[in-house]
Amino acid sequence: SMKKGTGVVTSVPSDAPDDYAALRDWQKDAKLREKHGVTEEMVAPYEVIPIIEIPGMGDKSAVYMCEKLKIKSQNDKKKLEEAKAETYKEGFYKGVMIAGEEDGVKGLKVSEAKDVCKAKMCKDGEAFVYYEPEQEVMSRSGDECVVTYLDQWFLKYGEESWKEKVLAHVSDPARFETYTDATRKAFKDVLEWLREWACSRNFGL
């Protein structure tokens, strides 16, 4: 959201093609630095630090993709979008952490390390869980809606032993009358994807 933020921006030139291209531009382009009041000392000493190993891309996937697609600067938007999509996908699902030993994530897949880091930061008081709508939500009164915490009960409908009993029940025409096969199939389909779900609701908040 452009209306909310901490003001903190991370830069990961090892695995974010946009960040690597920008760092390279700052290091090489004296006119760009001068225009924005940035001295050479602010950017020149910094090298790419590997943190993730990705099969086929190495430990600097952003550098690899920028070279592969011949990205010349941070203005090559189309190529950078392609590079970003590839590195983020491969990194999240196949990447393995080679940094973060002190935090207990070295050797973990990126998809696993994310939750470990989140839990540790919340436990250490360095972060807290924050929710917001995926896009702007306006009420009928014209007010912007925010996410609020509700003391609300959820049932784990995806719990296997419960799920098996319910599936057995809805699959038995002698015990559960649906009148049509389509309706019975609809019940089964929902039971396959249903996980946690609120068993009560609060309105007007």
# chains A, B, ... in the order shown; residues from 1 in each chain; ligands from 1
call {"tool": "select_by_dssp", "arguments": {"residues": "chain A", "states": "strand (DSSP E)", "output": "PyMOL selection string"}}
result
chain A and resi 52-53+96-97+154-156+196-198
call {"tool": "write_last_selection", "arguments": {"atoms": "C-alpha atoms", "output": "PDB file, in the first residue's frame"}}
result
ATOM      1  CA  ILE A  52      20.538 -18.660  -1.378  1.00  0.00           C
ATOM      2  CA  GLU A  53      21.732 -21.511  -3.589  1.00  0.00           C
ATOM      3  CA  VAL A  96      18.277 -23.541  -0.197  1.00  0.00           C
ATOM      4  CA  MET A  97      19.564 -21.117   2.432  1.00  0.00           C
ATOM      5  CA  PHE A 154     -12.577 -21.649  13.936  1.00  0.00           C
ATOM      6  CA  LEU A 155     -13.067 -25.367  13.319  1.00  0.00           C
ATOM      7  CA  LYS A 156     -10.367 -27.484  11.637  1.00  0.00           C
ATOM      8  CA  GLU A 196     -10.017 -23.902   8.905  1.00  0.00           C
ATOM      9  CA  TRP A 197     -13.345 -22.091   8.755  1.00  0.00           C
ATOM     10  CA  ALA A 198     -15.203 -19.823  11.118  1.00  0.00           C
TER      11      ALA A 198
END
call {"tool": "residues_around", "arguments": {"residues": "Glu81 (chain A)", "least_positions_apart": "5", "cutoff": "12 Å", "atoms": "only C-alpha atoms", "output": "ChimeraX atom specification"}}
result
/A:16-18,21,62,65-66,69,71,74-76,86-88
call {"tool": "write_last_selection", "arguments": {"atoms": "C-alpha atoms", "output": "short mmCIF file (atom, residue, chain, number, x, y, z; two decimals), in the first residue's frame"}}
result
data_model
loop_
_atom_site.label_atom_id
_atom_site.label_comp_id
_atom_site.auth_asym_id
_atom_site.auth_seq_id
_atom_site.Cartn_x
_atom_site.Cartn_y
_atom_site.Cartn_z
CA ALA A 16 16.42 -9.67 -6.83
CA PRO A 17 17.29 -8.67 -10.41
CA ASP A 18 15.90 -5.13 -9.98
CA ALA A 21 20.63 -3.83 -11.78
CA ALA A 62 20.03 -12.10 -9.90
CA MET A 65 19.64 -13.83 -14.87
CA CYS A 66 20.84 -10.31 -15.65
CA LEU A 69 19.05 -11.90 -20.48
CA ILE A 71 20.07 -6.68 -18.94
CA GLN A 74 17.46 -0.88 -14.26
CA ASN A 75 15.49 0.68 -17.13
CA ASP A 76 15.21 -2.65 -18.97
CA GLU A 86 12.08 -16.73 -12.85
CA THR A 87 14.35 -16.05 -9.87
CA TYR A 88 11.49 -15.64 -7.40
#
call {"tool": "select_by_dssp", "arguments": {"residues": "region 63-203 of chain A", "states": "alpha helix (DSSP H)", "output": "PyMOL selection string"}}
result
chain A and resi 63-68+77-94+110-123+160-170+181-193
call {"tool": "residues_around", "arguments": {"residues": "Val110 (chain A)", "least_positions_apart": "4", "cutoff": "7 Å", "atoms": "only C-alpha atoms", "output": "PyMOL selection string"}}
result
chain A and resi 91-93+95-97+114
call {"tool": "residues_around", "arguments": {"residues": "region 24-28 of chain A", "least_positions_apart": "2", "cutoff": "7 Å", "atoms": "only C-alpha atoms", "output": "list in words"}}
result
Tyr20, Ala21, Ala22, Ala30, Leu32, Arg33, Glu40, Val43, Ala44 and Ser73 of chain A
call {"tool": "closest_residue", "arguments": {"among": "A:His169, A:Tyr149, A:Lys4, A:Pro55", "to": "Glu136 (chain A)", "atoms": "only C-alpha atoms"}}
result
A:Lys4
call {"tool": "closest_residue", "arguments": {"among": "A:Asp124, A:Lys94, A:Val38, A:Val146", "to": "Glu112 (chain A)", "atoms": "only C-alpha atoms"}}
result
A:Lys94
call {"tool": "residues_around", "arguments": {"residues": "Asp103 (chain A)", "least_positions_apart": "6", "cutoff": "9 Å", "atoms": "only C-alpha atoms", "output": "ChimeraX atom specification"}}
result
/A:116-117,120
call {"tool": "write_last_selection", "arguments": {"atoms": "N, CA, C and O atoms", "output": "JSON list (two decimals), in the first residue's frame"}}
result
[["chain", "number", "residue", "atom", "x", "y", "z"],
["A", 116, "VAL", "N", 10.17, -19.92, 9.66],
["A", 116, "VAL", "CA", 11.07, -19.99, 10.81],
["A", 116, "VAL", "C", 11.54, -18.59, 11.20],
["A", 116, "VAL", "O", 11.55, -18.22, 12.38],
["A", 117, "CYS", "N", 11.92, -17.79, 10.21],
["A", 117, "CYS", "CA", 12.35, -16.41, 10.46],
["A", 117, "CYS", "C", 11.22, -15.58, 11.05],
["A", 117, "CYS", "O", 11.42, -14.80, 11.98],
["A", 120, "LYS", "N", 10.67, -16.51, 14.71],
["A", 120, "LYS", "CA", 11.77, -16.04, 15.57],
["A", 120, "LYS", "C", 11.70, -14.54, 15.78],
["A", 120, "LYS", "O", 11.89, -14.04, 16.90]]
call {"tool": "atom_distance", "arguments": {"atom1": "CA of Met42 (chain A)", "atom2": "CA of Pro13 (chain A)"}}
result
15.4 Å
call {"tool": "residues_around", "arguments": {"residues": "Lys118 (chain A)", "least_positions_apart": "5", "cutoff": "9 Å", "atoms": "only C-alpha atoms", "output": "compact mmCIF listing (two decimals) with C-alpha atoms, in the first residue's frame"}}
result
# COMPACT_ATOMS: atom_id res chain seq x y z
CA ALA A 113 12.96 -20.71 6.20
CA LYS A 123 9.26 -14.19 19.50
CA ALA A 127 8.23 -8.02 14.39
CA PHE A 128 4.51 -8.58 14.76
CA VAL A 129 1.84 -10.06 12.51
